[in-house]
Amino acid sequence: MIFHKPILFSAVQPSGKLTIGNYIGTMRHWSQMQNDYECLYCIADLHSLTIQKKNFSLKESILDTLSFYLACGVDPNKSIIFVQSHVYQHSQLNWILNCFSQFSELLRMTQFKIKRITENNYIKKTNVGLFNYPILMASDILLYQTNFVPVGQDQKQHLELTRKIAHRVNALYGKIFTLPTPLISQYGSKIMSLLEPRKKMSKSDINKKNVIFLLDDISDVILKIKNAVTDSEKLSKIYYDIEKKPGISNLLEIFSAITNKEINVLSKELEGVMYAEFKNMVATHLSNFLSKLQKSYIKYRSDESYLKKIAYEGAIKAQLKSEKTIQNIYSKLGLFSFFK
Ligand code: TYM
């Protein structure tokens, strides 16, 4: 008897430089997950079109992101690595799922609400793609009969919507989609800004001192960590308390992810250590980690023909898998097909 591994899907948008939030929230788990799951790692370039930027090359950013996938240990012989726009089935399913999603559901999406409002609380002009974004995400996931989706906390609501849409279609047409389960770690699933630790670290932050990018100069990484906000408790004890000590808790989450040590183990080890010394330790570990990652990234990024070969082979495999779901839903919906 053949036992198939559960299917796992994850993606990152190639819409700018990746941050340690992206890495710690999801990508750091990907290499290990290849052993236990059948993994699909997608570069969500169509999602990136929802925010149009000047002086930005999407093509370069796709190749940058792909290089980071490889540098993080994703192995094209074990996993399917592909670019979303190369697999047309994503857009095909997207239209169908639009017709099973409610306007009011999308209006409730926190990320949409945040992206729509300016810093001064004005409503921005937004494209329909930004509104529709979670349905394209649902299409990505449901196309592959995905069981698990490793993501950061900000994607939880999108996963709930994905399950709702899948359930709605299944209730009407029989079991077409597998209901996916999000994998969200207890720690590290919401890395916060360094200077404003009650706000999520985000690649689009205008204050770059809030964010550590995977390609930051190592000297900047050290400086950013040293300048990170802590708190003014008289007894500068290091322990995890997200409410009372958001800055220290955030640094602990970063430290824990990079050293692979549990937060409670670290808290014990750090007894008696002062804030400045703790920041030095975080800065040293993080900069050592990033300089290794950057070396590996540069090696992959310098070989574009290899990157394109991986993307091509991944797209072929992903098309084959996703076409099964498309054919199934087409026939259930009564859409006429020449291919049957
Ligand atoms: P993106 O590119 O915004 O984020 C990619 C992943 O990084 C996580 N993340 C964080 N985790 C912890 N702390 C942070 N500060 C932080 N910032 C970002 C996000 O939760 C995400 O897991 N829409 C998705 C991309 C996508 C996708 C999908 C994901 C498209 N289709 C299907 C899963 C399944 C996104 O937010 O990308």
# chains A, B, ... in the order shown; residues from 1 in each chain; ligands from 1
>>> residues_near_ligand(ligand="ligand 1", cutoff="7 Å", atoms="only C-alpha atoms and all ligand atoms", output="PyMOL selection string")
chain A and resi 9-14+21-26+44+47+136-138+140-141+149-155+188-192+200-202
>>> write_last_selection(atoms="N, CA, C and O atoms", output="compact mmCIF listing (two decimals), in the first residue's frame")
# COMPACT_ATOMS: atom_id res chain seq x y z
N PHE A 9 1.41 23.73 1.22
CA PHE A 9 1.58 24.83 0.26
C PHE A 9 1.96 26.10 1.00
O PHE A 9 1.37 26.41 2.04
N SER A 10 2.94 26.82 0.47
CA SER A 10 3.19 28.15 1.03
C SER A 10 3.72 29.08 -0.06
O SER A 10 4.14 28.62 -1.13
N ALA A 11 3.66 30.37 0.20
CA ALA A 11 4.08 31.34 -0.81
C ALA A 11 4.51 32.64 -0.15
O ALA A 11 4.11 32.95 0.97
N VAL A 12 5.31 33.38 -0.90
CA VAL A 12 5.72 34.72 -0.48
C VAL A 12 5.55 35.61 -1.71
O VAL A 12 5.75 35.17 -2.84
N GLN A 13 5.18 36.86 -1.49
CA GLN A 13 5.08 37.80 -2.60
C GLN A 13 6.46 38.34 -2.94
O GLN A 13 7.17 38.76 -2.03
N PRO A 14 6.80 38.41 -4.22
CA PRO A 14 8.09 39.01 -4.58
C PRO A 14 7.95 40.52 -4.74
O PRO A 14 8.30 41.07 -5.79
N GLY A 21 11.04 38.97 9.21
CA GLY A 21 9.65 38.58 9.52
C GLY A 21 9.21 37.46 8.59
O GLY A 21 8.69 36.44 9.02
N ASN A 22 9.45 37.65 7.29
CA ASN A 22 9.09 36.61 6.31
C ASN A 22 9.84 35.31 6.61
O ASN A 22 9.27 34.21 6.56
N TYR A 23 11.13 35.46 6.92
CA TYR A 23 11.93 34.28 7.18
C TYR A 23 11.46 33.54 8.44
O TYR A 23 11.17 32.34 8.42
N ILE A 24 11.34 34.29 9.54
CA ILE A 24 11.02 33.64 10.82
C ILE A 24 9.56 33.15 10.81
O ILE A 24 9.26 32.06 11.30
N GLY A 25 8.67 33.95 10.22
CA GLY A 25 7.25 33.60 10.21
C GLY A 25 6.95 32.35 9.40
O GLY A 25 6.07 31.57 9.75
N THR A 26 7.69 32.15 8.32
CA THR A 26 7.35 30.98 7.50
C THR A 26 8.55 30.27 6.87
O THR A 26 8.71 29.07 7.02
N ALA A 44 4.43 34.26 -5.29
CA ALA A 44 3.10 34.80 -5.61
C ALA A 44 3.21 36.14 -6.34
O ALA A 44 2.90 37.20 -5.80
N HIS A 47 -0.02 38.27 -6.93
CA HIS A 47 -0.40 39.06 -5.75
C HIS A 47 0.37 40.38 -5.70
O HIS A 47 -0.16 41.40 -5.26
N LEU A 136 -7.61 35.03 -4.53
CA LEU A 136 -6.49 34.44 -5.30
C LEU A 136 -5.67 33.53 -4.38
O LEU A 136 -5.23 32.45 -4.77
N MET A 137 -5.54 33.95 -3.13
CA MET A 137 -4.81 33.12 -2.16
C MET A 137 -5.55 31.80 -1.93
O MET A 137 -4.93 30.73 -1.87
N ALA A 138 -6.86 31.88 -1.83
CA ALA A 138 -7.66 30.66 -1.65
C ALA A 138 -7.46 29.75 -2.87
O ALA A 138 -7.33 28.52 -2.73
N ASP A 140 -4.82 29.57 -4.83
CA ASP A 140 -3.48 28.97 -4.74
C ASP A 140 -3.53 27.70 -3.90
O ASP A 140 -2.97 26.66 -4.26
N ILE A 141 -4.19 27.82 -2.77
CA ILE A 141 -4.17 26.74 -1.78
C ILE A 141 -5.07 25.58 -2.22
O ILE A 141 -4.66 24.41 -2.20
N VAL A 149 -0.83 24.75 5.56
CA VAL A 149 -0.29 26.01 5.01
C VAL A 149 0.50 26.74 6.12
O VAL A 149 -0.10 27.33 7.02
N PRO A 150 1.84 26.68 6.07
CA PRO A 150 2.62 27.43 7.08
C PRO A 150 2.65 28.92 6.74
O PRO A 150 3.09 29.31 5.65
N VAL A 151 2.16 29.74 7.64
CA VAL A 151 2.11 31.20 7.41
C VAL A 151 2.33 31.94 8.72
O VAL A 151 2.27 31.35 9.80
N GLY A 152 2.51 33.24 8.61
CA GLY A 152 2.55 34.11 9.78
C GLY A 152 1.12 34.43 10.22
O GLY A 152 0.16 34.15 9.49
N GLN A 153 1.05 35.03 11.39
CA GLN A 153 -0.26 35.30 11.99
C GLN A 153 -1.17 36.20 11.14
O GLN A 153 -2.38 36.05 11.15
N ASP A 154 -0.53 37.11 10.38
CA ASP A 154 -1.34 38.04 9.58
C ASP A 154 -2.16 37.34 8.50
O ASP A 154 -3.06 37.94 7.93
N GLN A 155 -1.84 36.09 8.21
CA GLN A 155 -2.56 35.37 7.16
C GLN A 155 -3.68 34.47 7.69
O GLN A 155 -4.36 33.81 6.92
N GLY A 188 7.23 33.68 16.96
CA GLY A 188 7.85 34.02 15.68
C GLY A 188 6.86 34.22 14.56
O GLY A 188 7.25 34.50 13.43
N SER A 189 5.58 34.08 14.84
CA SER A 189 4.60 34.21 13.74
C SER A 189 4.16 35.67 13.56
O SER A 189 3.40 35.98 12.66
N LYS A 190 4.65 36.54 14.44
CA LYS A 190 4.40 37.97 14.24
C LYS A 190 5.59 38.75 14.80
O LYS A 190 5.59 39.16 15.96
N ILE A 191 6.60 38.88 13.96
CA ILE A 191 7.78 39.65 14.36
C ILE A 191 7.42 41.14 14.25
O ILE A 191 6.81 41.57 13.27
N MET A 192 7.77 41.87 15.30
CA MET A 192 7.32 43.25 15.39
C MET A 192 8.43 44.23 14.95
O MET A 192 9.60 43.86 14.88
N LYS A 200 3.48 45.35 13.54
CA LYS A 200 4.13 44.26 12.81
C LYS A 200 5.28 44.77 11.94
O LYS A 200 5.16 45.82 11.33
N MET A 201 6.38 44.02 11.91
CA MET A 201 7.47 44.37 11.00
C MET A 201 7.00 44.13 9.58
O MET A 201 6.48 43.05 9.27
N SER A 202 7.17 45.15 8.74
CA SER A 202 6.64 45.02 7.38
C SER A 202 7.62 45.58 6.36
O SER A 202 8.23 46.63 6.61
>>> residues_around(residues="A:Ser296", least_positions_apart="4", cutoff="10 Å", atoms="only C-alpha atoms", output="ChimeraX atom specification")
/A:67-68,70-73,290-292,300-301
>>> atom_distance(atom1="atom CA of A:Glu262", atom2="atom CA of A:Tyr187")
9.2 Å
>>> atom_distance(atom1="atom CA of A:Tyr41", atom2="atom CA of A:Ser79")
7.2 Å
>>> residues_around(residues="stretch 311-327 of chain A", least_positions_apart="6", cutoff="6 Å", atoms="only C-alpha atoms", output="VMD selection string")
chain A and resid 80 to 82 86 to 87 143 to 144
>>> closest_atom_pairs(of="stretch 145-207 of chain A", to="stretch 102-111 of chain A", cutoff="10 Å", atoms="only C-alpha atoms", output="CSV")
residue,atom,partner,partner_atom,distance
A:Asp154,CA,A:Gln111,CA,7.6
A:Gln155,CA,A:Gln111,CA,8.5
A:Gln157,CA,A:Met109,CA,7.0
A:His158,CA,A:Met109,CA,7.5
A:Leu161,CA,A:Glu105,CA,7.8
A:Lys164,CA,A:Glu105,CA,10.0
A:Ile165,CA,A:Gln102,CA,9.2
>>> atom_distance(atom1="atom CA of A:Asn210", atom2="atom CA of A:Leu18")
13.5 Å
>>> closest_atom_pairs(of="stretch 295-314 of chain A", to="stretch 58-65 of chain A", cutoff="10 Å", atoms="only C-alpha atoms", output="JSON lines")
{"residue": "A:Tyr297", "atom": "CA", "partner": "A:Asp64", "partner_atom": "CA", "distance": 8.2}
{"residue": "A:Ile298", "atom": "CA", "partner": "A:Asp64", "partner_atom": "CA", "distance": 9.3}
{"residue": "A:Tyr300", "atom": "CA", "partner": "A:Asp64", "partner_atom": "CA", "distance": 9.0}
{"residue": "A:Arg301", "atom": "CA", "partner": "A:Asp64", "partner_atom": "CA", "distance": 6.5}
{"residue": "A:Ser302", "atom": "CA", "partner": "A:Asp64", "partner_atom": "CA", "distance": 9.9}
{"residue": "A:Asp303", "atom": "CA", "partner": "A:Leu63", "partner_atom": "CA", "distance": 9.9}
{"residue": "A:Glu304", "atom": "CA", "partner": "A:Leu63", "partner_atom": "CA", "distance": 7.6}
{"residue": "A:Leu307", "atom": "CA", "partner": "A:Leu63", "partner_atom": "CA", "distance": 7.0}
{"residue": "A:Lys308", "atom": "CA", "partner": "A:Leu63", "partner_atom": "CA", "distance": 8.2}
{"residue": "A:Ala311", "atom": "CA", "partner": "A:Leu63", "partner_atom": "CA", "distance": 9.3}
>>> closest_residue(among="A:Lys226, A:Lys332, A:Lys113, A:Lys268", to="A:Ile238", atoms="only C-alpha atoms")
A:Lys268
>>> closest_residue(among="A:Ile176, A:Ile123, A:Ile212, A:Leu270", to="A:Ser331", atoms="only C-alpha atoms")
A:Ile176
>>> select_by_dssp(residues="stretch 33-282 of chain A", states="strand (DSSP E)", output="mmCIF file with all heavy atoms, in the first residue's frame")
data_model
loop_
_atom_site.group_PDB
_atom_site.id
_atom_site.type_symbol
_atom_site.label_atom_id
_atom_site.label_comp_id
_atom_site.auth_asym_id
_atom_site.auth_seq_id
_atom_site.Cartn_x
_atom_site.Cartn_y
_atom_site.Cartn_z
ATOM 1 N N GLU A 38 4.520 16.660 1.197
ATOM 2 C CA GLU A 38 4.749 16.914 -0.224
ATOM 3 C C GLU A 38 4.583 18.429 -0.384
ATOM 4 O O GLU A 38 3.467 18.941 -0.232
ATOM 5 C CB GLU A 38 3.692 16.156 -1.026
ATOM 6 C CG GLU A 38 4.027 15.990 -2.480
ATOM 7 C CD GLU A 38 2.921 15.268 -3.223
ATOM 8 O OE1 GLU A 38 2.454 14.219 -2.715
ATOM 9 O OE2 GLU A 38 2.521 15.750 -4.281
ATOM 10 N N CYS A 39 5.695 19.118 -0.621
ATOM 11 C CA CYS A 39 5.659 20.591 -0.514
ATOM 12 C C CYS A 39 5.592 21.301 -1.860
ATOM 13 O O CYS A 39 6.284 20.923 -2.812
ATOM 14 C CB CYS A 39 6.912 21.081 0.204
ATOM 15 S SG CYS A 39 7.037 20.464 1.885
ATOM 16 N N LEU A 40 4.769 22.343 -1.881
ATOM 17 C CA LEU A 40 4.739 23.252 -3.033
ATOM 18 C C LEU A 40 5.070 24.642 -2.507
ATOM 19 O O LEU A 40 4.387 25.144 -1.601
ATOM 20 C CB LEU A 40 3.342 23.281 -3.662
ATOM 21 C CG LEU A 40 2.918 21.988 -4.351
ATOM 22 C CD1 LEU A 40 1.694 21.418 -3.685
ATOM 23 C CD2 LEU A 40 2.651 22.244 -5.827
ATOM 24 N N TYR A 41 6.140 25.236 -3.037
ATOM 25 C CA TYR A 41 6.534 26.576 -2.615
ATOM 26 C C TYR A 41 6.424 27.518 -3.811
ATOM 27 O O TYR A 41 7.104 27.344 -4.827
ATOM 28 C CB TYR A 41 7.955 26.556 -2.048
ATOM 29 C CG TYR A 41 8.052 25.742 -0.765
ATOM 30 C CD1 TYR A 41 8.921 24.660 -0.661
ATOM 31 C CD2 TYR A 41 7.253 26.050 0.336
ATOM 32 C CE1 TYR A 41 9.009 23.910 0.516
ATOM 33 C CE2 TYR A 41 7.327 25.313 1.516
ATOM 34 C CZ TYR A 41 8.209 24.246 1.596
ATOM 35 O OH TYR A 41 8.279 23.509 2.755
ATOM 36 N N CYS A 42 5.531 28.465 -3.665
ATOM 37 C CA CYS A 42 5.150 29.298 -4.798
ATOM 38 C C CYS A 42 5.646 30.725 -4.607
ATOM 39 O O CYS A 42 5.710 31.232 -3.484
ATOM 40 C CB CYS A 42 3.622 29.238 -4.868
ATOM 41 S SG CYS A 42 2.837 30.396 -5.969
ATOM 42 N N ILE A 43 5.970 31.376 -5.714
ATOM 43 C CA ILE A 43 6.322 32.800 -5.671
ATOM 44 C C ILE A 43 5.096 33.546 -6.196
ATOM 45 O O ILE A 43 4.739 33.428 -7.379
ATOM 46 C CB ILE A 43 7.581 33.060 -6.516
ATOM 47 C CG1 ILE A 43 8.752 32.338 -5.843
ATOM 48 C CG2 ILE A 43 7.851 34.551 -6.658
ATOM 49 C CD1 ILE A 43 9.973 32.212 -6.669
ATOM 50 N N ILE A 80 8.172 21.162 -5.067
ATOM 51 C CA ILE A 80 7.852 21.866 -6.321
ATOM 52 C C ILE A 80 7.981 23.366 -6.037
ATOM 53 O O ILE A 80 7.287 23.906 -5.179
ATOM 54 C CB ILE A 80 6.433 21.509 -6.794
ATOM 55 C CG1 ILE A 80 6.316 19.999 -7.021
ATOM 56 C CG2 ILE A 80 6.071 22.294 -8.045
ATOM 57 C CD1 ILE A 80 4.945 19.523 -7.473
ATOM 58 N N ILE A 81 8.885 23.996 -6.769
ATOM 59 C CA ILE A 81 9.091 25.448 -6.608
ATOM 60 C C ILE A 81 8.618 26.086 -7.903
ATOM 61 O O ILE A 81 9.059 25.705 -8.990
ATOM 62 C CB ILE A 81 10.591 25.773 -6.414
ATOM 63 C CG1 ILE A 81 11.204 24.914 -5.296
ATOM 64 C CG2 ILE A 81 10.789 27.246 -6.131
ATOM 65 C CD1 ILE A 81 12.725 25.029 -5.189
ATOM 66 N N PHE A 82 7.712 27.024 -7.821
ATOM 67 C CA PHE A 82 7.197 27.598 -9.075
ATOM 68 C C PHE A 82 6.702 29.027 -8.889
ATOM 69 O O PHE A 82 6.500 29.492 -7.764
ATOM 70 C CB PHE A 82 6.092 26.714 -9.652
ATOM 71 C CG PHE A 82 4.817 26.733 -8.856
ATOM 72 C CD1 PHE A 82 3.733 27.509 -9.271
ATOM 73 C CD2 PHE A 82 4.684 26.010 -7.687
ATOM 74 C CE1 PHE A 82 2.554 27.546 -8.545
ATOM 75 C CE2 PHE A 82 3.517 26.045 -6.941
ATOM 76 C CZ PHE A 82 2.450 26.813 -7.369
ATOM 77 N N VAL A 83 6.501 29.681 -10.033
ATOM 78 C CA VAL A 83 6.020 31.060 -10.044
ATOM 79 C C VAL A 83 4.522 31.015 -10.389
ATOM 80 O O VAL A 83 4.114 30.383 -11.360
ATOM 81 C CB VAL A 83 6.808 31.890 -11.095
ATOM 82 C CG1 VAL A 83 6.325 33.333 -11.118
ATOM 83 C CG2 VAL A 83 8.313 31.811 -10.821
ATOM 84 N N PHE A 148 -1.924 21.472 4.588
ATOM 85 C CA PHE A 148 -1.328 22.398 5.561
ATOM 86 C C PHE A 148 -0.705 23.622 4.877
ATOM 87 O O PHE A 148 -0.121 23.501 3.788
ATOM 88 C CB PHE A 148 -0.244 21.683 6.378
ATOM 89 C CG PHE A 148 -0.801 20.573 7.223
ATOM 90 C CD1 PHE A 148 -0.622 19.247 6.859
ATOM 91 C CD2 PHE A 148 -1.535 20.862 8.374
ATOM 92 C CE1 PHE A 148 -1.153 18.214 7.627
ATOM 93 C CE2 PHE A 148 -2.066 19.843 9.147
ATOM 94 C CZ PHE A 148 -1.885 18.516 8.773
ATOM 95 N N VAL A 149 -0.830 24.753 5.560
ATOM 96 C CA VAL A 149 -0.287 26.009 5.013
ATOM 97 C C VAL A 149 0.495 26.743 6.116
ATOM 98 O O VAL A 149 -0.099 27.330 7.021
ATOM 99 C CB VAL A 149 -1.428 26.934 4.504
ATOM 100 C CG1 VAL A 149 -0.854 28.142 3.772
ATOM 101 C CG2 VAL A 149 -2.399 26.183 3.612
ATOM 102 N N PRO A 150 1.842 26.683 6.068
ATOM 103 C CA PRO A 150 2.618 27.425 7.077
ATOM 104 C C PRO A 150 2.651 28.921 6.735
ATOM 105 O O PRO A 150 3.095 29.306 5.648
ATOM 106 C CB PRO A 150 4.019 26.811 6.964
ATOM 107 C CG PRO A 150 4.091 26.238 5.588
ATOM 108 C CD PRO A 150 2.697 25.939 5.129
ATOM 109 N N THR A 181 -5.422 23.389 6.723
ATOM 110 C CA THR A 181 -5.182 23.826 8.110
ATOM 111 C C THR A 181 -3.964 24.750 8.134
ATOM 112 O O THR A 181 -2.910 24.380 7.605
ATOM 113 C CB THR A 181 -4.884 22.589 8.994
ATOM 114 O OG1 THR A 181 -5.984 21.703 8.865
ATOM 115 C CG2 THR A 181 -4.668 22.955 10.447
ATOM 116 N N PRO A 182 -4.093 25.927 8.729
ATOM 117 C CA PRO A 182 -2.906 26.801 8.817
ATOM 118 C C PRO A 182 -1.921 26.277 9.856
ATOM 119 O O PRO A 182 -2.343 25.725 10.874
ATOM 120 C CB PRO A 182 -3.487 28.149 9.269
ATOM 121 C CG PRO A 182 -4.804 27.841 9.882
ATOM 122 C CD PRO A 182 -5.306 26.555 9.289
ATOM 123 N N LEU A 183 -0.642 26.404 9.582
ATOM 124 C CA LEU A 183 0.388 26.078 10.586
ATOM 125 C C LEU A 183 1.010 27.396 11.019
ATOM 126 O O LEU A 183 1.733 28.040 10.247
ATOM 127 C CB LEU A 183 1.467 25.173 9.983
ATOM 128 C CG LEU A 183 1.050 23.784 9.499
ATOM 129 C CD1 LEU A 183 2.242 23.043 8.903
ATOM 130 C CD2 LEU A 183 0.442 22.965 10.634
#
>>> residues_around(residues="stretch 229-234 of chain A", least_positions_apart="5", cutoff="7 Å", atoms="only C-alpha atoms", output="count of residues only")
5
>>> select_by_dssp(residues="stretch 145-185 of chain A", states="helix (DSSP H, G or I)", output="ChimeraX atom specification")
/A:153-173
>>> closest_residue(among="A:Lys208, A:Lys199, A:His285, A:His4", to="A:Ile254", atoms="only C-alpha atoms")
A:His285
>>> closest_residue(among="A:Ile242, A:Val265, A:Leu335, A:Leu286", to="A:Leu214", atoms="only C-alpha atoms")
A:Leu286
>>> closest_residue(among="A:Ser185, A:Thr178, A:Asn55, A:Ser267", to="A:Lys237", atoms="only C-alpha atoms")
A:Ser267
>>> closest_residue(among="A:Ser287, A:Thr146, A:Ser236, A:Gln34", to="A:Ile20", atoms="only C-alpha atoms")
A:Ser287
>>> residues_around(residues="A:Tyr173", least_positions_apart="4", cutoff="9 Å", atoms="only C-alpha atoms", output="number ranges by chain")
A: 168-169, 329, 332-333
